[in-house]
Amino acid sequence: MKKIAMLNCLNSNKVCAGAACFTAFNKRIRSFERYKGMDVEVAAFMRCNGCGNDPDEDDGMKEKVERMKQEGVETVHVGLCTKNKEGVRCKNVARIMEMLEEEGIEVVDGTH
Ligand code: SF4
């Protein structure tokens with residue numbers, strides 16, 4: 001079975017239950033359409049560690065990235081909430097995406 005995870009904005013999670021992300025996954029639509037008919041498990045719902053936390057200096061973030069590897073997560077989908085209104089991605093999340101890729105994990109832009 002393929003394991004995937006989602007990465008979202010900690011600030012957004014104060015007001016977001018993640019329902020749209022999980023609905024998209026359960027219905028295999030939007031960025032999850034690629035998994036139609038496949039046996040896929042969402043193994044983690046990961047958030048950044050908040051504004052002002054440089055992912056490279058943050059042991060907790062390093063631990064989370066390592067956990068993705070340990071769990072056998074192959075792909076991480078990154079939520080729209082990690083971009084501002086102009087569509088520019090938060091630099092902390094951009095760095096976390098690189099950290100995941102450095103561990104051999106595929107990163108996909110978007111959830112729902
Ligand atoms: S660092 Fe970026 S993604 Fe994380 S809470 Fe702040 S704005 Fe959201």
# chains A, B, ... in the order shown; residues from 1 in each chain; ligands from 1
>>> residues_around(residues="Lys91 of chain A", least_positions_apart="3", cutoff="12 Å", atoms="only C-alpha atoms", output="PyMOL selection string")
chain A and resi 9+48+50-56+82-84+88+94-98
>>> residues_around(residues="Glu106 of chain A", least_positions_apart="6", cutoff="10 Å", atoms="only C-alpha atoms", output="list in words")
Ile4, Val73, Glu74, Thr75, Val76, His77, Met97, Glu98 and Leu100 of chain A
>>> write_last_selection(atoms="N, CA, C and O atoms", output="short mmCIF file (atom, residue, chain, number, x, y, z; two decimals), in the first residue's frame")
data_model
loop_
_atom_site.label_atom_id
_atom_site.label_comp_id
_atom_site.auth_asym_id
_atom_site.auth_seq_id
_atom_site.Cartn_x
_atom_site.Cartn_y
_atom_site.Cartn_z
N ILE A 4 0.92 8.20 1.91
CA ILE A 4 1.14 9.62 1.61
C ILE A 4 0.90 10.44 2.88
O ILE A 4 0.42 9.91 3.90
N VAL A 73 6.47 7.08 4.19
CA VAL A 73 5.68 8.01 3.36
C VAL A 73 6.44 8.27 2.06
O VAL A 73 7.61 8.65 2.07
N GLU A 74 5.76 8.05 0.94
CA GLU A 74 6.41 8.22 -0.37
C GLU A 74 6.17 9.60 -0.96
O GLU A 74 6.99 10.12 -1.71
N THR A 75 5.01 10.17 -0.64
CA THR A 75 4.62 11.44 -1.25
C THR A 75 3.98 12.35 -0.21
O THR A 75 3.15 11.88 0.58
N VAL A 76 4.33 13.62 -0.22
CA VAL A 76 3.70 14.60 0.66
C VAL A 76 3.00 15.65 -0.20
O VAL A 76 3.63 16.25 -1.08
N HIS A 77 1.72 15.86 0.04
CA HIS A 77 0.94 16.88 -0.66
C HIS A 77 0.90 18.14 0.20
O HIS A 77 0.58 18.07 1.38
N MET A 97 9.71 21.59 2.19
CA MET A 97 9.53 20.79 0.97
C MET A 97 10.89 20.29 0.46
O MET A 97 11.03 19.14 0.07
N GLU A 98 11.87 21.17 0.51
CA GLU A 98 13.23 20.76 0.08
C GLU A 98 13.77 19.68 1.01
O GLU A 98 14.40 18.72 0.56
N LEU A 100 12.17 17.50 2.67
CA LEU A 100 11.51 16.22 2.37
C LEU A 100 12.12 15.60 1.12
O LEU A 100 12.43 14.40 1.09
#
>>> select_by_dssp(residues="chain A", states="helix (DSSP H, G or I)", output="ChimeraX atom specification")
/A:12-14,19-27,30-35,55-57,59-71,80-82,91-102
>>> write_last_selection(atoms="N, CA and C atoms", output="short mmCIF file (atom, residue, chain, number, x, y, z; two decimals), in the first residue's frame")
data_model
loop_
_atom_site.label_atom_id
_atom_site.label_comp_id
_atom_site.auth_asym_id
_atom_site.auth_seq_id
_atom_site.Cartn_x
_atom_site.Cartn_y
_atom_site.Cartn_z
N SER A 12 -3.13 28.35 9.66
CA SER A 12 -4.41 27.99 9.05
C SER A 12 -5.12 26.90 9.85
N ASN A 13 -4.35 26.04 10.46
CA ASN A 13 -4.94 24.93 11.21
C ASN A 13 -5.68 25.39 12.47
N LYS A 14 -5.50 26.66 12.83
CA LYS A 14 -6.27 27.20 13.97
C LYS A 14 -7.75 27.30 13.61
N ALA A 19 -10.92 19.31 6.61
CA ALA A 19 -11.99 18.55 5.95
C ALA A 19 -11.90 18.59 4.43
N ALA A 20 -11.57 19.76 3.88
CA ALA A 20 -11.51 19.85 2.41
C ALA A 20 -10.38 18.97 1.87
N CYS A 21 -9.28 18.93 2.57
CA CYS A 21 -8.16 18.07 2.16
C CYS A 21 -8.59 16.60 2.17
N PHE A 22 -9.23 16.19 3.26
CA PHE A 22 -9.61 14.77 3.38
C PHE A 22 -10.75 14.40 2.43
N THR A 23 -11.66 15.35 2.19
CA THR A 23 -12.72 15.10 1.22
C THR A 23 -12.11 14.87 -0.16
N ALA A 24 -11.17 15.73 -0.52
CA ALA A 24 -10.51 15.58 -1.83
C ALA A 24 -9.80 14.23 -1.91
N PHE A 25 -9.15 13.84 -0.83
CA PHE A 25 -8.47 12.55 -0.84
C PHE A 25 -9.49 11.41 -0.95
N ASN A 26 -10.52 11.45 -0.11
CA ASN A 26 -11.49 10.35 -0.09
C ASN A 26 -12.21 10.20 -1.43
N LYS A 27 -12.43 11.34 -2.09
CA LYS A 27 -13.10 11.30 -3.41
C LYS A 27 -12.10 11.15 -4.55
N ARG A 30 -8.94 16.48 -7.40
CA ARG A 30 -7.85 17.46 -7.37
C ARG A 30 -6.49 16.75 -7.38
N SER A 31 -5.62 17.12 -6.45
CA SER A 31 -4.26 16.55 -6.54
C SER A 31 -4.22 15.06 -6.20
N PHE A 32 -5.35 14.53 -5.71
CA PHE A 32 -5.39 13.11 -5.34
C PHE A 32 -5.99 12.23 -6.43
N GLU A 33 -6.34 12.85 -7.54
CA GLU A 33 -6.93 12.10 -8.65
C GLU A 33 -5.98 11.00 -9.13
N ARG A 34 -4.71 11.26 -9.03
CA ARG A 34 -3.68 10.30 -9.46
C ARG A 34 -3.77 8.96 -8.71
N TYR A 35 -4.51 8.93 -7.59
CA TYR A 35 -4.61 7.69 -6.80
C TYR A 35 -5.92 6.93 -7.04
N PRO A 55 13.20 26.17 9.62
CA PRO A 55 13.16 24.70 9.63
C PRO A 55 14.53 24.06 9.81
N ASP A 56 15.58 24.73 9.32
CA ASP A 56 16.93 24.16 9.45
C ASP A 56 17.46 24.23 10.88
N GLU A 57 16.87 25.11 11.69
CA GLU A 57 17.32 25.26 13.08
C GLU A 57 16.34 24.61 14.05
N ASP A 59 14.72 21.49 15.66
CA ASP A 59 14.87 20.04 15.86
C ASP A 59 13.55 19.31 15.69
N GLY A 60 12.46 19.97 16.09
CA GLY A 60 11.14 19.34 15.95
C GLY A 60 10.79 19.09 14.50
N MET A 61 11.13 20.04 13.64
CA MET A 61 10.84 19.86 12.22
C MET A 61 11.70 18.75 11.63
N LYS A 62 12.95 18.72 12.06
CA LYS A 62 13.84 17.64 11.57
C LYS A 62 13.27 16.29 11.98
N GLU A 63 12.74 16.25 13.21
CA GLU A 63 12.14 15.00 13.72
C GLU A 63 10.93 14.60 12.87
N LYS A 64 10.11 15.58 12.49
CA LYS A 64 8.91 15.29 11.69
C LYS A 64 9.30 14.74 10.32
N VAL A 65 10.31 15.38 9.71
CA VAL A 65 10.77 14.92 8.40
C VAL A 65 11.29 13.48 8.51
N GLU A 66 12.04 13.23 9.57
CA GLU A 66 12.58 11.89 9.81
C GLU A 66 11.44 10.88 10.00
N ARG A 67 10.41 11.32 10.70
CA ARG A 67 9.26 10.44 10.95
C ARG A 67 8.56 10.05 9.64
N MET A 68 8.48 10.98 8.72
CA MET A 68 7.88 10.68 7.41
C MET A 68 8.65 9.52 6.76
N LYS A 69 9.96 9.60 6.87
CA LYS A 69 10.81 8.56 6.30
C LYS A 69 10.56 7.22 7.00
N GLN A 70 10.56 7.26 8.33
CA GLN A 70 10.35 6.04 9.12
C GLN A 70 9.00 5.40 8.81
N GLU A 71 8.00 6.24 8.58
CA GLU A 71 6.66 5.73 8.29
C GLU A 71 6.53 5.17 6.88
N LEU A 80 -2.76 24.40 -0.11
CA LEU A 80 -2.89 25.75 -0.64
C LEU A 80 -2.70 26.78 0.47
N CYS A 81 -3.02 26.40 1.70
CA CYS A 81 -2.91 27.31 2.84
C CYS A 81 -1.46 27.73 3.10
N THR A 82 -0.51 27.08 2.46
CA THR A 82 0.89 27.45 2.65
C THR A 82 1.34 28.53 1.65
N LYS A 91 8.11 30.83 2.74
CA LYS A 91 9.50 30.37 2.56
C LYS A 91 9.85 29.25 3.54
N ASN A 92 9.24 29.23 4.71
CA ASN A 92 9.51 28.13 5.65
C ASN A 92 9.03 26.81 5.07
N VAL A 93 7.85 26.83 4.51
CA VAL A 93 7.30 25.60 3.92
C VAL A 93 8.10 25.20 2.68
N ALA A 94 8.52 26.21 1.91
CA ALA A 94 9.35 25.90 0.74
C ALA A 94 10.60 25.15 1.18
N ARG A 95 11.16 25.57 2.30
CA ARG A 95 12.36 24.88 2.80
C ARG A 95 12.01 23.47 3.32
N ILE A 96 10.87 23.34 3.98
CA ILE A 96 10.46 22.00 4.46
C ILE A 96 10.26 21.07 3.26
N MET A 97 9.71 21.59 2.19
CA MET A 97 9.53 20.79 0.97
C MET A 97 10.89 20.29 0.46
N GLU A 98 11.87 21.17 0.51
CA GLU A 98 13.23 20.76 0.08
C GLU A 98 13.77 19.68 1.01
N MET A 99 13.54 19.87 2.31
CA MET A 99 14.05 18.88 3.29
C MET A 99 13.45 17.50 3.02
N LEU A 100 12.17 17.50 2.67
CA LEU A 100 11.51 16.22 2.37
C LEU A 100 12.12 15.60 1.12
N GLU A 101 12.31 16.43 0.11
CA GLU A 101 12.90 15.94 -1.15
C GLU A 101 14.32 15.43 -0.93
N GLU A 102 15.04 16.08 -0.05
CA GLU A 102 16.42 15.64 0.25
C GLU A 102 16.41 14.24 0.87
#
>>> select_by_dssp(residues="chain A", states="strand (DSSP E or B)", output="PyMOL selection string")
chain A and resi 2-8+40-47+75-78+83+89+106-109
>>> closest_residue(among="A:Gly110, A:Gly104, A:Gly79, A:Gly87", to="ligand 1", atoms="only C-alpha atoms and all ligand atoms")
A:Gly79
>>> closest_residue(among="A:Ile29, A:Met38, A:Cys90, A:Ala43", to="Leu10 of chain A", atoms="only C-alpha atoms")
A:Cys90
>>> atom_distance(atom1="atom CA of Val78 of chain A", atom2="atom 3 (S, counted along the ligand's line) of ligand 1")
9.9 Å
>>> closest_residue(among="A:Arg89, A:Ala17, A:Val107, A:Gly37", to="ligand 1", atoms="only C-alpha atoms and all ligand atoms")
A:Arg89
>>> closest_residue(among="A:Cys16, A:Met1, A:Met6, A:Val108", to="Gly72 of chain A", atoms="only C-alpha atoms")
A:Met1
>>> closest_residue(among="A:Val15, A:Arg47, A:Arg28, A:Ala5", to="ligand 1", atoms="only C-alpha atoms and all ligand atoms")
A:Arg47
>>> closest_residue(among="A:Ala44, A:Ile105, A:Asp39, A:Lys85", to="ligand 1", atoms="only C-alpha atoms and all ligand atoms")
A:Lys85
>>> atom_distance(atom1="atom CA of Asp58 of chain A", atom2="atom CA of Met46 of chain A")
14.8 Å
>>> atom_distance(atom1="atom CA of Val42 of chain A", atom2="atom 6 (Fe, counted along the ligand's line) of ligand 1")
23.1 Å
>>> decode(residues="segment 82-108 of chain A", atoms="N, CA, C and O atoms", output="JSON list (two decimals), in the first residue's frame")
[["chain", "number", "residue", "atom", "x", "y", "z"],
["A", 82, "THR", "N", -0.51, 27.08, 2.46],
["A", 82, "THR", "CA", 0.89, 27.45, 2.65],
["A", 82, "THR", "C", 1.34, 28.53, 1.65],
["A", 82, "THR", "O", 2.51, 28.85, 1.57],
["A", 83, "LYS", "N", 0.36, 29.03, 0.88],
["A", 83, "LYS", "CA", 0.65, 30.13, -0.06],
["A", 83, "LYS", "C", -0.13, 31.36, 0.37],
["A", 83, "LYS", "O", -1.24, 31.24, 0.93],
["A", 84, "ASN", "N", 0.40, 32.54, 0.08],
["A", 84, "ASN", "CA", -0.35, 33.76, 0.40],
["A", 84, "ASN", "C", -1.38, 34.05, -0.70],
["A", 84, "ASN", "O", -1.49, 33.29, -1.67],
["A", 85, "LYS", "N", -2.09, 35.17, -0.54],
["A", 85, "LYS", "CA", -3.17, 35.50, -1.49],
["A", 85, "LYS", "C", -2.65, 35.67, -2.91],
["A", 85, "LYS", "O", -3.37, 35.48, -3.88],
["A", 86, "GLU", "N", -1.38, 36.05, -3.02],
["A", 86, "GLU", "CA", -0.79, 36.24, -4.35],
["A", 86, "GLU", "C", -0.27, 34.93, -4.93],
["A", 86, "GLU", "O", 0.29, 34.88, -6.02],
["A", 87, "GLY", "N", -0.44, 33.86, -4.17],
["A", 87, "GLY", "CA", 0.00, 32.56, -4.68],
["A", 87, "GLY", "C", 1.46, 32.25, -4.41],
["A", 87, "GLY", "O", 2.01, 31.29, -4.96],
["A", 88, "VAL", "N", 2.09, 33.06, -3.55],
["A", 88, "VAL", "CA", 3.50, 32.83, -3.24],
["A", 88, "VAL", "C", 3.61, 31.94, -2.00],
["A", 88, "VAL", "O", 3.00, 32.23, -0.96],
["A", 89, "ARG", "N", 4.38, 30.90, -2.13],
["A", 89, "ARG", "CA", 4.51, 29.95, -1.02],
["A", 89, "ARG", "C", 5.36, 30.51, 0.11],
["A", 89, "ARG", "O", 6.38, 31.16, -0.12],
["A", 90, "CYS", "N", 4.95, 30.23, 1.32],
["A", 90, "CYS", "CA", 5.70, 30.60, 2.52],
["A", 90, "CYS", "C", 7.11, 30.01, 2.42],
["A", 90, "CYS", "O", 7.29, 28.85, 2.07],
["A", 91, "LYS", "N", 8.11, 30.83, 2.74],
["A", 91, "LYS", "CA", 9.50, 30.37, 2.56],
["A", 91, "LYS", "C", 9.85, 29.25, 3.54],
["A", 91, "LYS", "O", 10.69, 28.40, 3.22],
["A", 92, "ASN", "N", 9.24, 29.23, 4.71],
["A", 92, "ASN", "CA", 9.51, 28.13, 5.65],
["A", 92, "ASN", "C", 9.03, 26.81, 5.07],
["A", 92, "ASN", "O", 9.72, 25.80, 5.14],
["A", 93, "VAL", "N", 7.85, 26.83, 4.51],
["A", 93, "VAL", "CA", 7.30, 25.60, 3.92],
["A", 93, "VAL", "C", 8.10, 25.20, 2.68],
["A", 93, "VAL", "O", 8.35, 24.01, 2.46],
["A", 94, "ALA", "N", 8.52, 26.21, 1.91],
["A", 94, "ALA", "CA", 9.35, 25.90, 0.74],
["A", 94, "ALA", "C", 10.60, 25.15, 1.18],
["A", 94, "ALA", "O", 11.03, 24.19, 0.53],
["A", 95, "ARG", "N", 11.16, 25.57, 2.30],
["A", 95, "ARG", "CA", 12.36, 24.88, 2.80],
["A", 95, "ARG", "C", 12.01, 23.47, 3.32],
["A", 95, "ARG", "O", 12.76, 22.52, 3.10],
["A", 96, "ILE", "N", 10.87, 23.34, 3.98],
["A", 96, "ILE", "CA", 10.46, 22.00, 4.46],
["A", 96, "ILE", "C", 10.26, 21.07, 3.26],
["A", 96, "ILE", "O", 10.64, 19.89, 3.31],
["A", 97, "MET", "N", 9.71, 21.59, 2.19],
["A", 97, "MET", "CA", 9.53, 20.79, 0.97],
["A", 97, "MET", "C", 10.89, 20.29, 0.46],
["A", 97, "MET", "O", 11.03, 19.14, 0.07],
["A", 98, "GLU", "N", 11.87, 21.17, 0.51],
["A", 98, "GLU", "CA", 13.23, 20.76, 0.08],
["A", 98, "GLU", "C", 13.77, 19.68, 1.01],
["A", 98, "GLU", "O", 14.40, 18.72, 0.56],
["A", 99, "MET", "N", 13.54, 19.87, 2.31],
["A", 99, "MET", "CA", 14.05, 18.88, 3.29],
["A", 99, "MET", "C", 13.45, 17.50, 3.02],
["A", 99, "MET", "O", 14.13, 16.48, 3.13],
["A", 100, "LEU", "N", 12.17, 17.50, 2.67],
["A", 100, "LEU", "CA", 11.51, 16.22, 2.37],
["A", 100, "LEU", "C", 12.12, 15.60, 1.12],
["A", 100, "LEU", "O", 12.43, 14.40, 1.09],
["A", 101, "GLU", "N", 12.31, 16.43, 0.11],
["A", 101, "GLU", "CA", 12.90, 15.94, -1.15],
["A", 101, "GLU", "C", 14.32, 15.43, -0.93],
["A", 101, "GLU", "O", 14.72, 14.43, -1.52],
["A", 102, "GLU", "N", 15.04, 16.08, -0.05],
["A", 102, "GLU", "CA", 16.42, 15.64, 0.25],
["A", 102, "GLU", "C", 16.41, 14.24, 0.87],
["A", 102, "GLU", "O", 17.40, 13.52, 0.81],
["A", 103, "GLU", "N", 15.28, 13.87, 1.47],
["A", 103, "GLU", "CA", 15.16, 12.52, 2.05],
["A", 103, "GLU", "C", 14.55, 11.53, 1.06],
["A", 103, "GLU", "O", 14.17, 10.41, 1.43],
["A", 104, "GLY", "N", 14.39, 11.98, -0.17],
["A", 104, "GLY", "CA", 13.87, 11.07, -1.21],
["A", 104, "GLY", "C", 12.36, 10.98, -1.24],
["A", 104, "GLY", "O", 11.81, 10.08, -1.87],
["A", 105, "ILE", "N", 11.69, 11.91, -0.58],
["A", 105, "ILE", "CA", 10.23, 11.90, -0.56],
["A", 105, "ILE", "C", 9.71, 12.84, -1.66],
["A", 105, "ILE", "O", 10.17, 13.99, -1.77],
["A", 106, "GLU", "N", 8.77, 12.34, -2.44],
["A", 106, "GLU", "CA", 8.18, 13.16, -3.50],
["A", 106, "GLU", "C", 7.29, 14.24, -2.87],
["A", 106, "GLU", "O", 6.56, 13.96, -1.91],
["A", 107, "VAL", "N", 7.33, 15.42, -3.42],
["A", 107, "VAL", "CA", 6.49, 16.51, -2.91],
["A", 107, "VAL", "C", 5.56, 16.97, -4.04],
["A", 107, "VAL", "O", 6.02, 17.23, -5.15],
["A", 108, "VAL", "N", 4.28, 17.06, -3.72],
["A", 108, "VAL", "CA", 3.28, 17.49, -4.72],
["A", 108, "VAL", "C", 2.64, 18.79, -4.24],
["A", 108, "VAL", "O", 2.25, 18.91, -3.07]]
